[in-house]
Each structure stands twice: as C-alpha cells, then as structure tokens.
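**Student:** Next comes the structure file protein03.cif, holding mmCIF, C-alpha atoms.
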```cif
data_run
loop_
_atom_site.group_PDB
_atom_site.id
_atom_site.type_symbol
_atom_site.label_atom_id
_atom_site.label_comp_id
_atom_site.auth_asym_id
_atom_site.auth_seq_id
_atom_site.Cartn_x
_atom_site.Cartn_y
_atom_site.Cartn_z
ATOM 1 C CA MET E 1 137.052 130.935 42.514
ATOM 2 C CA ASP E 2 133.751 132.753 42.839
ATOM 3 C CA ILE E 3 132.255 132.156 46.289
ATOM 4 C CA SER E 4 129.117 134.176 46.906
ATOM 5 C CA PRO E 5 128.080 135.625 50.297
ATOM 6 C CA CYS E 6 125.578 132.784 50.369
ATOM 7 C CA GLY E 7 128.541 130.416 49.886
ATOM 8 C CA HIS E 8 130.359 131.982 52.830
ATOM 9 C CA GLU E 9 127.276 131.548 55.015
ATOM 10 C CA PHE E 10 126.976 127.933 53.970
ATOM 11 C CA ALA E 11 130.650 127.295 54.737
ATOM 12 C CA ILE E 12 130.368 128.915 58.173
ATOM 13 C CA SER E 13 127.275 126.838 58.974
ATOM 14 C CA LEU E 14 129.208 123.647 58.140
ATOM 15 C CA LEU E 15 132.092 124.663 60.397
ATOM 16 C CA GLN E 16 129.646 125.266 63.245
ATOM 17 C CA MET E 17 128.412 121.662 63.233
ATOM 18 C CA ARG E 18 129.612 119.741 66.303
ATOM 19 C CA SER E 19 128.266 116.263 65.493
ATOM 20 C CA GLU E 20 128.735 114.096 62.434
ATOM 21 C CA ASN E 21 125.012 113.458 61.999
ATOM 22 C CA ASN E 22 124.223 117.192 62.064
ATOM 23 C CA LEU E 23 127.063 117.796 59.618
ATOM 24 C CA TYR E 24 125.669 115.188 57.187
ATOM 25 C CA LYS E 25 122.210 116.715 57.450
ATOM 26 C CA ARG E 26 123.544 120.214 56.878
ATOM 27 C CA ILE E 27 125.476 119.363 53.709
ATOM 28 C CA GLN E 28 122.387 117.651 52.317
ATOM 29 C CA GLN E 29 120.288 120.737 53.106
ATOM 30 C CA ILE E 30 122.838 122.964 51.377
ATOM 31 C CA LEU E 31 122.994 120.782 48.269
ATOM 32 C CA THR E 32 119.198 120.661 48.072
ATOM 33 C CA GLU E 33 119.036 124.449 48.350
ATOM 34 C CA LEU E 34 121.717 125.026 45.716
ATOM 35 C CA LEU E 35 120.496 122.323 43.325
ATOM 36 C CA PRO E 36 116.777 121.974 44.147
ATOM 37 C CA THR E 37 115.612 120.053 41.070
ATOM 38 C CA ILE E 38 118.854 118.514 39.853
ATOM 39 C CA PRO E 39 119.531 114.774 40.357
ATOM 40 C CA MET E 40 122.388 114.147 42.802
ATOM 41 C CA ALA E 41 124.124 111.223 44.460
ATOM 42 C CA MET E 42 126.778 111.569 47.150
ATOM 43 C CA TYR E 43 129.139 108.783 48.185
ATOM 44 C CA LEU E 44 131.578 108.653 51.077
ATOM 45 C CA ALA E 45 133.922 106.298 52.899
ATOM 46 C CA PRO E 46 132.036 106.608 56.227
ATOM 47 C CA SER E 47 134.919 105.745 58.545
ATOM 48 C CA LEU E 48 137.280 107.986 56.515
ATOM 49 C CA SER E 49 139.383 104.882 55.905
ATOM 50 C CA GLU E 50 141.077 104.223 52.585
ATOM 51 C CA LYS E 51 140.280 100.514 53.122
ATOM 52 C CA GLU E 52 136.534 101.115 52.902
ATOM 53 C CA ARG E 53 134.483 101.201 49.738
ATOM 54 C CA LEU E 54 132.379 104.286 49.097
ATOM 55 C CA LYS E 55 128.783 104.079 50.311
ATOM 56 C CA LEU E 56 125.719 106.048 49.332
ATOM 57 C CA LEU E 57 125.165 109.007 51.625
ATOM 58 C CA ALA E 58 122.399 110.853 49.756
ATOM 59 C CA LEU E 59 120.350 110.412 46.589
ATOM 60 C CA SER E 60 117.807 112.888 45.274
ATOM 61 C CA SER E 61 115.697 113.319 42.142
ATOM 62 C CA ALA E 62 117.439 110.422 40.400
ATOM 63 C CA ASP E 63 115.530 107.348 39.240
ATOM 64 C CA THR E 64 118.654 105.214 39.527
ATOM 65 C CA PRO E 65 122.067 105.924 41.029
ATOM 66 C CA PRO E 66 124.921 106.645 38.625
ATOM 67 C CA ASP E 67 127.518 104.046 37.663
ATOM 68 C CA LEU E 68 129.738 104.302 40.733
ATOM 69 C CA ALA E 69 132.433 101.979 39.372
ATOM 70 C CA TYR E 70 132.776 104.183 36.267
ATOM 71 C CA LEU E 71 132.987 107.366 38.357
ATOM 72 C CA ILE E 72 135.652 105.898 40.643
ATOM 73 C CA ALA E 73 137.681 104.612 37.701
ATOM 74 C CA ARG E 74 137.570 108.025 36.030
ATOM 75 C CA ALA E 75 138.534 109.794 39.275
ATOM 76 C CA GLU E 76 141.470 107.412 39.740
ATOM 77 C CA THR E 77 142.612 107.994 36.173
ATOM 78 C CA LEU E 78 142.373 111.800 36.411
ATOM 79 C CA LYS E 79 144.246 111.963 39.714
ATOM 80 C CA HIS E 80 144.928 115.697 39.626
ATOM 81 C CA GLN E 81 141.376 116.802 38.883
ATOM 82 C CA ASN E 82 138.723 117.302 41.561
ATOM 83 C CA ILE E 83 135.942 118.452 39.225
ATOM 84 C CA LEU E 84 135.199 115.983 36.435
ATOM 85 C CA ARG E 85 132.852 117.004 33.659
ATOM 86 C CA GLY E 86 130.874 114.563 31.523
ATOM 87 C CA GLU E 87 128.446 115.077 28.667
ATOM 88 C CA ASN E 88 125.469 115.426 31.012
ATOM 89 C CA HIS E 89 126.907 115.489 34.520
ATOM 90 C CA VAL E 90 129.521 116.916 36.881
ATOM 91 C CA CYS E 91 131.380 114.793 39.420
ATOM 92 C CA ILE E 92 133.179 116.386 42.374
ATOM 93 C CA VAL E 93 135.888 114.226 43.928
ATOM 94 C CA LEU E 94 137.075 114.208 47.544
ATOM 95 C CA ARG E 95 140.621 112.926 47.958
ATOM 96 C CA ASN E 96 143.001 112.050 50.759
ATOM 97 C CA ASN E 97 146.299 112.565 48.952
ATOM 98 C CA LYS E 98 145.388 110.619 45.796
ATOM 99 C CA ALA E 99 142.935 108.171 47.341
ATOM 100 C CA VAL E 100 139.274 108.751 46.395
ATOM 101 C CA MET E 101 137.366 109.219 49.661
ATOM 102 C CA GLY E 102 134.104 110.621 48.327
ATOM 103 C CA LEU E 103 132.179 111.583 45.201
ATOM 104 C CA LEU E 104 129.322 113.977 44.491
ATOM 105 C CA TRP E 105 127.590 113.193 41.201
ATOM 106 C CA ILE E 106 125.364 115.962 39.790
ATOM 107 C CA GLY E 107 123.134 114.882 36.929
ATOM 108 C CA GLU E 108 123.351 118.073 34.871
ATOM 109 C CA LYS E 109 126.045 120.336 33.548
ATOM 110 C CA LEU E 110 126.671 123.355 35.789
ATOM 111 C CA PRO E 111 128.197 126.783 35.205
ATOM 112 C CA ILE E 112 131.875 126.815 36.166
ATOM 113 C CA ALA E 113 131.348 129.247 39.057
ATOM 114 C CA ARG E 114 128.590 127.089 40.549
ATOM 115 C CA SER E 115 130.746 123.961 40.188
ATOM 116 C CA PHE E 116 133.597 125.641 42.062
ATOM 117 C CA LEU E 117 131.236 126.845 44.788
ATOM 118 C CA ILE E 118 129.863 123.362 45.385
ATOM 119 C CA ALA E 119 133.344 121.828 45.266
ATOM 120 C CA HIS E 120 134.473 124.358 47.876
ATOM 121 C CA LEU E 121 131.545 123.533 50.172
ATOM 122 C CA ILE E 122 132.076 119.788 49.778
ATOM 123 C CA ASN E 123 135.707 120.258 50.810
ATOM 124 C CA VAL E 124 134.675 122.355 53.833
ATOM 125 C CA PHE E 125 132.284 119.553 54.786
ATOM 126 C CA TYR E 126 135.037 116.948 54.463
ATOM 127 C CA HIS E 127 137.525 119.065 56.424
ATOM 128 C CA GLN E 128 135.015 119.462 59.268
ATOM 129 C CA LEU E 129 134.235 115.745 59.162
ATOM 130 C CA ASN E 130 137.935 114.975 59.620
ATOM 131 C CA THR E 131 138.209 117.536 62.425
ATOM 132 C CA LEU E 132 135.314 115.911 64.277
ATOM 133 C CA ALA E 133 136.812 112.472 63.689
ATOM 134 C CA LEU E 134 140.179 113.521 65.143
ATOM 135 C CA SER E 135 138.463 114.822 68.278
ATOM 136 C CA ARG E 136 137.056 111.332 68.832
ATOM 137 C CA ILE E 137 140.384 109.494 68.622
ATOM 138 C CA ASP E 138 142.289 108.012 71.570
ATOM 139 C CA PRO E 139 145.832 109.453 71.244
ATOM 140 C CA LEU E 140 147.671 106.254 72.231
ATOM 141 C CA THR E 141 145.832 103.588 70.225
ATOM 142 C CA GLN E 142 144.294 105.769 67.467
ATOM 143 C CA LEU E 143 140.982 104.004 68.101
ATOM 144 C CA LEU E 144 137.716 105.813 68.752
ATOM 145 C CA ASN E 145 137.631 107.081 72.335
ATOM 146 C CA ARG E 146 135.247 106.335 75.186
ATOM 147 C CA GLN E 147 133.403 109.642 74.769
ATOM 148 C CA THR E 148 132.308 108.604 71.264
ATOM 149 C CA PHE E 149 130.967 105.217 72.287
ATOM 150 C CA ASP E 150 127.525 106.227 73.599
ATOM 151 C CA ASP E 151 126.851 108.367 70.512
ATOM 152 C CA LYS E 152 127.638 105.490 68.158
ATOM 153 C CA VAL E 153 125.441 103.022 70.056
ATOM 154 C CA ILE E 154 122.544 105.493 70.004
ATOM 155 C CA GLU E 155 123.042 106.129 66.267
ATOM 156 C CA ILE E 156 122.884 102.415 65.556
ATOM 157 C CA THR E 157 119.944 101.545 67.821
ATOM 158 C CA THR E 158 117.860 104.502 66.617
ATOM 159 C CA GLY E 159 118.723 103.973 62.956
ATOM 160 C CA GLU E 160 120.214 107.449 62.577
ATOM 161 C CA GLY E 161 123.492 106.395 61.018
ATOM 162 C CA PHE E 162 124.211 108.480 57.951
ATOM 163 C CA VAL E 163 124.619 105.755 55.312
ATOM 164 C CA ILE E 164 121.352 105.251 53.457
ATOM 165 C CA GLU E 165 121.534 101.466 53.531
ATOM 166 C CA ARG E 166 124.287 99.047 54.430
ATOM 167 C CA GLU E 167 124.746 96.121 52.065
ATOM 168 C CA GLN E 168 122.135 93.466 52.751
ATOM 169 C CA GLN E 169 123.792 90.061 52.426
ATOM 170 C CA GLY E 170 120.882 88.641 54.309
ATOM 171 C CA VAL E 171 119.903 90.734 57.303
ATOM 172 C CA ARG E 172 122.885 91.555 59.479
ATOM 173 C CA LYS E 173 122.431 92.652 63.076
ATOM 174 C CA TRP E 174 124.636 94.808 65.271
ATOM 175 C CA TYR E 175 126.522 93.400 68.253
ATOM 176 C CA LEU E 176 128.545 94.911 71.068
ATOM 177 C CA ALA E 177 131.671 93.101 72.268
ATOM 178 C CA LEU E 178 133.895 94.062 75.202
ATOM 179 C CA PHE E 179 137.524 92.862 75.161
ATOM 180 C CA ASP E 180 139.846 92.755 78.162
ATOM 181 C CA ILE E 181 143.544 91.843 78.101
ATOM 182 C CA ASP E 182 144.119 88.992 80.534
ATOM 183 C CA HIS E 183 146.587 89.641 83.382
ATOM 184 C CA PHE E 184 147.491 93.076 82.049
ATOM 185 C CA LYS E 185 148.480 94.266 85.526
ATOM 186 C CA VAL E 186 151.228 91.626 85.459
ATOM 187 C CA VAL E 187 152.542 93.103 82.203
ATOM 188 C CA ASN E 188 152.838 96.572 83.744
ATOM 189 C CA ASP E 189 154.342 95.206 86.973
ATOM 190 C CA ASN E 190 156.923 92.996 85.252
ATOM 191 C CA PHE E 191 157.833 95.019 82.173
ATOM 192 C CA GLY E 192 156.854 98.610 82.957
ATOM 193 C CA HIS E 193 154.304 101.003 81.523
ATOM 194 C CA VAL E 194 156.239 101.685 78.322
ATOM 195 C CA ILE E 195 155.919 98.036 77.313
ATOM 196 C CA GLY E 196 152.347 98.075 78.628
ATOM 197 C CA ASP E 197 151.523 100.963 76.291
ATOM 198 C CA GLU E 198 153.135 99.112 73.388
ATOM 199 C CA VAL E 199 150.959 96.086 74.143
ATOM 200 C CA LEU E 200 147.841 98.275 74.111
ATOM 201 C CA LEU E 201 148.894 99.782 70.787
ATOM 202 C CA LEU E 202 149.548 96.385 69.211
ATOM 203 C CA VAL E 203 146.276 94.892 70.470
ATOM 204 C CA ALA E 204 144.452 97.926 69.090
ATOM 205 C CA GLN E 205 146.124 97.411 65.716
ATOM 206 C CA GLN E 206 145.120 93.751 65.632
ATOM 207 C CA LEU E 207 141.521 94.691 66.399
ATOM 208 C CA LYS E 208 141.466 97.309 63.636
ATOM 209 C CA ASP E 209 142.987 94.871 61.154
ATOM 210 C CA ASN E 210 140.546 92.062 61.953
ATOM 211 C CA PHE E 211 137.259 93.952 61.824
ATOM 212 C CA ARG E 212 135.712 95.579 58.786
ATOM 213 C CA ALA E 213 136.370 99.244 58.165
ATOM 214 C CA GLU E 214 132.632 99.893 58.607
ATOM 215 C CA ASP E 215 132.689 98.468 62.147
ATOM 216 C CA PHE E 216 133.575 100.676 65.118
ATOM 217 C CA VAL E 217 136.527 99.867 67.394
ATOM 218 C CA PHE E 218 136.976 101.810 70.662
ATOM 219 C CA ARG E 219 139.465 102.021 73.455
ATOM 220 C CA TYR E 220 136.890 101.748 76.201
ATOM 221 C CA GLY E 221 139.237 102.373 79.120
ATOM 222 C CA GLY E 222 142.547 101.097 80.451
ATOM 223 C CA GLU E 223 143.168 97.688 78.884
ATOM 224 C CA GLU E 224 139.536 97.274 77.802
ATOM 225 C CA PHE E 225 138.295 97.684 74.250
ATOM 226 C CA ALA E 226 134.805 97.757 72.730
ATOM 227 C CA VAL E 227 133.699 96.879 69.213
ATOM 228 C CA LEU E 228 130.384 97.502 67.479
ATOM 229 C CA PHE E 229 130.158 95.052 64.585
ATOM 230 C CA GLN E 230 127.676 93.259 62.351
ATOM 231 C CA ALA E 231 126.861 89.563 61.924
ATOM 232 C CA HIS E 232 123.922 87.582 60.610
ATOM 233 C CA ASP E 233 123.322 85.813 63.927
ATOM 234 C CA ARG E 234 124.865 85.080 67.317
ATOM 235 C CA ASP E 235 126.769 82.043 66.056
ATOM 236 C CA GLU E 236 128.438 84.028 63.303
ATOM 237 C CA ALA E 237 129.243 86.775 65.816
ATOM 238 C CA LYS E 238 130.891 84.251 68.126
ATOM 239 C CA LEU E 239 132.842 82.715 65.256
ATOM 240 C CA LEU E 240 134.183 86.134 64.264
ATOM 241 C CA LEU E 241 135.113 87.015 67.853
ATOM 242 C CA ASN E 242 136.853 83.681 68.387
ATOM 243 C CA ARG E 243 138.885 84.291 65.248
ATOM 244 C CA VAL E 244 140.030 87.634 66.652
ATOM 245 C CA ARG E 245 140.774 86.006 70.021
ATOM 246 C CA LEU E 246 143.030 83.449 68.308
ATOM 247 C CA VAL E 247 144.834 86.155 66.327
ATOM 248 C CA ILE E 248 145.738 87.902 69.599
ATOM 249 C CA ALA E 249 146.724 84.622 71.292
ATOM 250 C CA GLN E 250 149.089 83.756 68.425
ATOM 251 C CA PHE E 251 150.643 87.220 68.123
ATOM 252 C CA LYS E 252 154.197 87.594 69.424
ATOM 253 C CA PHE E 253 154.440 90.727 71.583
ATOM 254 C CA PRO E 254 157.859 92.313 72.230
ATOM 255 C CA GLN E 255 159.315 91.081 75.549
ATOM 256 C CA VAL E 256 155.925 89.889 76.799
ATOM 257 C CA GLN E 257 155.716 87.263 74.018
ATOM 258 C CA ARG E 258 152.194 85.827 74.430
ATOM 259 C CA LEU E 259 148.973 87.364 75.703
ATOM 260 C CA THR E 260 145.326 86.381 75.681
ATOM 261 C CA ILE E 261 142.070 88.322 75.760
ATOM 262 C CA SER E 262 138.645 87.584 77.210
ATOM 263 C CA ILE E 263 135.527 88.687 75.339
ATOM 264 C CA GLY E 264 131.879 89.186 76.286
ATOM 265 C CA TYR E 265 129.238 90.198 73.757
ATOM 266 C CA THR E 266 125.544 90.913 73.323
ATOM 267 C CA ILE E 267 123.165 91.858 70.532
ATOM 268 C CA LEU E 268 122.136 95.518 70.215
ATOM 269 C CA GLU E 269 118.431 95.785 70.897
ATOM 270 C CA GLU E 270 116.730 98.877 69.541
ATOM 271 C CA ILE E 271 114.761 99.536 72.734
ATOM 272 C CA ALA E 272 117.652 99.042 75.141
ATOM 273 C CA GLN E 273 119.512 101.805 76.941
ATOM 274 C CA VAL E 274 123.245 102.110 76.309
ATOM 275 C CA SER E 275 123.942 101.323 79.973
ATOM 276 C CA GLU E 276 121.870 98.116 79.737
ATOM 277 C CA LEU E 277 123.726 96.910 76.656
ATOM 278 C CA VAL E 278 127.107 97.612 78.245
ATOM 279 C CA HIS E 279 125.997 95.844 81.418
ATOM 280 C CA GLU E 280 125.030 92.740 79.439
ATOM 281 C CA ALA E 281 128.355 92.609 77.568
ATOM 282 C CA ASP E 282 130.199 93.309 80.817
ATOM 283 C CA LEU E 283 128.453 90.418 82.603
ATOM 284 C CA ALA E 284 129.458 88.102 79.760
ATOM 285 C CA LEU E 285 133.037 89.405 79.935
ATOM 286 C CA TYR E 286 133.078 88.929 83.713
ATOM 287 C CA TYR E 287 131.939 85.324 83.256
ATOM 288 C CA ALA E 288 134.716 84.719 80.706
ATOM 289 C CA LYS E 289 137.312 86.128 83.128
ATOM 290 C CA LYS E 290 135.994 84.172 86.085
ATOM 291 C CA HIS E 291 135.810 80.864 84.243
ATOM 292 C CA GLY E 292 139.299 80.577 82.798
ATOM 293 C CA ARG E 293 139.863 83.659 80.593
ATOM 294 C CA ASN E 294 140.899 83.489 76.906
ATOM 295 C CA GLN E 295 137.365 82.747 75.719
ATOM 296 C CA VAL E 296 134.277 84.321 74.144
ATOM 297 C CA ILE E 297 130.967 84.386 76.044
ATOM 298 C CA ASP E 298 127.570 85.420 74.699
ATOM 299 C CA PHE E 299 125.385 87.157 77.290
ATOM 300 C CA GLU E 300 122.474 84.971 76.198
ATOM 301 C CA GLU E 301 124.430 81.881 77.318
ATOM 302 C CA LEU E 302 124.289 83.099 80.914
ATOM 303 C CA GLY E 303 120.519 82.617 81.074
ATOM 304 C CA ILE E 304 119.987 85.761 83.145
ATOM 305 C CA ALA E 305 118.403 88.085 80.591
ATOM 306 C CA GLY E 306 116.278 90.696 82.339
ATOM 307 C CA GLN E 307 118.059 90.328 85.655
ATOM 308 C CA ALA E 308 120.235 93.048 87.131
ATOM 309 C CA LYS E 309 122.774 90.584 88.402
ATOM 310 C CA ALA E 310 126.439 91.480 88.868
ATOM 311 C CA GLU E 311 129.171 90.027 91.022
ATOM 312 C CA THR E 312 132.130 92.061 92.193
ATOM 313 C CA ASP E 313 133.961 89.818 94.631
ATOM 314 C CA ILE E 314 136.708 88.525 92.341
ATOM 315 C CA GLU E 315 140.051 89.957 91.333
ATOM 316 C CA LEU E 316 139.985 89.835 87.529
ATOM 317 C CA PHE E 317 143.552 90.817 86.807
#
```
Written as structure tokens, that's how I'd like the structure from this file.
**Tutor:**
Amino acid sequence: MDISPCGHEFAISLLQMRSENNLYKRIQQILTELLPTIPMAMYLAPSLSEKERLKLLALSSADTPPDLAYLIARAETLKHQNILRGENHVCIVLRNNKAVMGLLWIGEKLPIARSFLIAHLINVFYHQLNTLALSRIDPLTQLLNRQTFDDKVIEITTGEGFVIEREQQGVRKWYLALFDIDHFKVVNDNFGHVIGDEVLLLVAQQLKDNFRAEDFVFRYGGEEFAVLFQAHDRDEAKLLLNRVRLVIAQFKFPQVQRLTISIGYTILEEIAQVSELVHEADLALYYAKKHGRNQVIDFEELGIAGQAKAETDIELF
C-alpha cells in the first residue's frame, strides 16, 4: 500500500484529534484536500451501533446523493472487500467484523494507490472515533459517562452535531430526561452491592433497548441515568418515557424481583445553559420522587419556569 508522506501527516493529524466534532471536521478537510473537485458522500452509523442505519455525514460537489441502498447491498454481498469499484465511482467500506458501519462514495474512478491511501485514512479516522467513544463509556453499565454529558448537550443546543440532517418526520425536538431508581439504597442494604451493580447494569440495558440508537443514554451518577432523546412534542415525549417506566416496572430483577423508576424531563432550549436544563429536569424528578415515585413529570407541569426554586428537605431514597 502506497502511503505518501502527506498521507502520514494526515493520519497523524487524525490521531491527534481529542473530540469527535474536531475529528469529523478534520476528515472532511482531508477528503476535500485530496479530492478537491470530485463528488463525494460519506455515511456513518453515528453512535457506532450496528442497530443504527447509516446517516449522511458529508456531501460535496454532488447534485444528488448516491443510491445508498444499492451501495449497502453491494457492500453486504462483497463482505471481504473494503474498496468497491463501479463503472464511474469508488466506494470505501468501513466494517465492524462484517457489519457495514460506514461508506465513502467517490463519484469518479481513482488510481489504485490513491484509493488505498484514502481507505487507509478512513480507517484511521474510524479507529480514532472508536477510541474516543471508548473513553466516554461508563465501565459498569457501558453507557456514556457523566463527563460526556455536557458536551452532548452543547452539541445539540448549538446545532454542531455531525450528522448533516436527522430525518424530518415532522419537526422533532430534543428532550432531556433524568431517571432515578426508587429505593435503591434499600437494594444495596438488603442484597449487597454486587446485586446493586447487577440492577444498575440491567436498568442500563433496558434503557438502551428502549431508546433509539441515535438517542444518547448516560449513567449520570450512582443510580441516576440521563437520556437525550427526540420527540415531536411534550406529550409524545411523556408517552415514550412512560413506556420505558412500565418496561422497568414489569422487569423481573434477580433476587430483588420488582423495581420502579421516577423520571423528570424538560425540553432542550437552544439558549439555555447546561446547568439550567439539568436543574429543570432535576426539579421535575424531585417532584416525581416526593409525590409517590414511579411516575413521569414534565418540568412545565410544575408551573415554575424561570424560578430558581429547589427543595432539599426530603429523603428521596
């Protein structure tokens, strides 16, 4: 494989990126520099999940995107090839084992050496993306960790997420929900921390399984979880959250048997600070805990928008 000094410099620059957004920007800069006038389209499973369909990451100099379904079908048929050549295009495939995780379509034929160089750089990009993703994972639950939460909220509220456009099935808005396991202290006291950890792991799995792959699920701290998700309106958001609440309530946990969760949520406003959004969801969660637990409360229902009101004189657990 012919990798030029320029290729080495590009690869090193990708490995130096310490945020996903900067990494996405850098690979697009590199592709534009290497293929300045050639039509391109890059697709990726943004959460690096095999459950998620590929989404458009970048499109340049192309009047219309290529036939993605055809490209995926061809990549799945030619499972052992990572560079697919057509009559008037090249397609570079990113795989996790045999699963197609990304595609780079290039709308012209390329010399073999240039194809290998670009394939190498795309794989360096994907390796670094996975490395960054692993650094953001909570080791017990395999959810995103607390340190990643602020970055994701800022990405969403500032519109700097890397996917060009999420599917518009009507306009969907982003919401933040905080989840807290009811009476979790009792679980640890009665069954021990090993069973407590198993409960956390199983709740985390239920949350992952009941939100879309494109949503973001975090272990926020202790027995508290956070989810950034999309819905058309507050009613749909509450319906979704109640469905998840019921899934947890009906799940049979080893030894513990039944558990419930309380949920508070709020809409993500573009002008709000992360701390303000968390405070709103936390107030709604506090209300749910104080008024019977095992329920979903929308911050707007509290009627205290704009007030810095918090109560701390109740034992929640």
**Student:** Run the PyMOL selection byres ((chain E and resi 196) around 12) mentally over the shown coordinates, then write out the matched residues as a PyMOL selection string, using the chain letters and numbers from the document.
**Tutor:** chain E and resi 140-141+181+183-195+197-203+222-223+253-256+259
**Student:** Report the distance between CA of Glu87 (chain E) and CA of Gly107 (chain E) in Å, rounded to one decimal place.
**Tutor:**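 Spanning CA of Glu87 (chain E) to CA of Gly107 (chain E) is a straight-line distance of 9.8 Å.
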**Student:** Determine the residue membership of the PyMOL selection byres ((chain E and resi 261) around 9) for the file above and supply it as a list in words.
**Tutor:**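 For this structure, the PyMOL selection byres ((chain E and resi 261) around 9) resolves to Phe179, Asp180, Ile181, Asp182, His183, Arg245, Leu246, Ile248, Ala249, Leu259, Thr260, Ser262, Ile263, Arg293, Asn294, Gln295 and Val296 of chain E.
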**Student:** Fewer than 5 positions away in the same chain doesn't count, so skip those; otherwise give me all residues within 9 Å of region 31-40 of chain E, counting all atoms listed in the file, as a VMD selection string.
**Tutor:** chain E and resid 26 58 to 63 65 to 66 104 to 108 114 118
**Student:** Using C-alpha atoms, can you write the selected residues to a file as a compact mmCIF listing (two decimals), in the frame of the given file?
**Tutor:**
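What follows is the written file part21.txt:
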```txt
# COMPACT_ATOMS: atom_id res chain seq x y z
CA ARG E 26 123.54 120.21 56.88
CA ALA E 58 122.40 110.85 49.76
CA LEU E 59 120.35 110.41 46.59
CA SER E 60 117.81 112.89 45.27
CA SER E 61 115.70 113.32 42.14
CA ALA E 62 117.44 110.42 40.40
CA ASP E 63 115.53 107.35 39.24
CA PRO E 65 122.07 105.92 41.03
CA PRO E 66 124.92 106.64 38.62
CA LEU E 104 129.32 113.98 44.49
CA TRP E 105 127.59 113.19 41.20
CA ILE E 106 125.36 115.96 39.79
CA GLY E 107 123.13 114.88 36.93
CA GLU E 108 123.35 118.07 34.87
CA ARG E 114 128.59 127.09 40.55
CA ILE E 118 129.86 123.36 45.38
```
**Student:** If I take CA of Val124 (chain E) and CA of Met42 (chain E), how far is one from the other in Å, to one decimal?
**Tutor:**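 These two atoms are separated by 14.9 Å.
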**Student:** Please expand the PyMOL selection byres ((chain E and resi 119) around 10) into the concrete residues it hits in this file, giving the result as a list in words.
**Tutor:** Asn82, Ile83, Cys91, Ile92, Val93, Leu94, Leu104, Ala113, Arg114, Ser115, Phe116, Leu117, Ile118, His120, Leu121, Ile122, Asn123, Val124 and Phe125 of chain E
**Student:** Calculate how many Å separate CA of Ala284 (chain E) from CA of Ile297 (chain E), rounding to one decimal.
**Tutor:**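 Computed distance, CA of Ala284 (chain E) to CA of Ile297 (chain E), equals 5.5 Å.
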**Student:** Pick the closest to Ile137 (chain E) from E:Arg219, E:Lys25, E:Arg258, E:Arg243: which is it, counting only C-alpha atoms?
**Tutor:**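 Ranked by minimum distance to Ile137 (chain E), first place goes to E:Arg219.
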**Student:** Identify which of the residues E:Asn97, E:Ser19, E:Ser47, E:Ser13 lies closest to Leu132 (chain E), counting all atoms listed in the file when measuring atom-to-atom distances.
**Tutor:**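 Among the listed residues, E:Ser19 lies closest to Leu132 (chain E).
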**Student:** So, with all atoms listed in the file as the atoms that count, which of E:Leu129, E:Ala11, E:Val244, E:Leu277 lies closest to Phe299 (chain E)?
**Tutor:**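 Result for the nearest residue to Phe299 (chain E): E:Leu277.
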**Student:** For region 264-270 of chain E, work out the shell of residues within 10 Å, counting all atoms listed in the file and skipping chain neighbours fewer than 4 positions away, then give it as JSON, numbers by chain.
**Tutor:** {"E": [153, 154, 156, 157, 158, 159, 173, 174, 175, 176, 177, 178, 179, 180, 226, 227, 228, 229, 230, 231, 233, 234, 237, 238, 241, 274, 276, 277, 278, 279, 280, 281, 282, 283, 284, 285, 286, 287, 288, 289, 295, 296, 297, 298, 299, 300, 301]}
**Student:** Given the choices E:Arg136, E:Lys109, E:Arg146, E:His291, which gets closest to Phe218 (chain E) if the distance is worked out from all atoms listed in the file?
**Tutor:**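 Nearest candidate to Phe218 (chain E) out of E:Arg136, E:Lys109, E:Arg146, E:His291: E:Arg146.
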**Student:** Given the choices E:Leu207, E:Leu84, E:Leu144, E:Ala213, which gets closest to Lys55 (chain E) if the distance is worked out from all atoms listed in the file?
**Tutor:**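 Residue with the minimum atom-to-atom distance to Lys55 (chain E): E:Ala213.
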**Student:** Of the residues E:Pro139, E:Gly292, E:Gly303, E:Gly102, which is the one nearest to Leu48 (chain E), using all atoms listed in the file?
**Tutor:**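 Of all the options, E:Gly102 lies closest to Leu48 (chain E).
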**Student:** Could you list, as number ranges by chain, every residue within 8 Å of Pro46 (chain E), counting all atoms listed in the file and ignoring same-chain residues fewer than 5 positions away?
**Tutor:** E: 52, 54-55, 163, 214
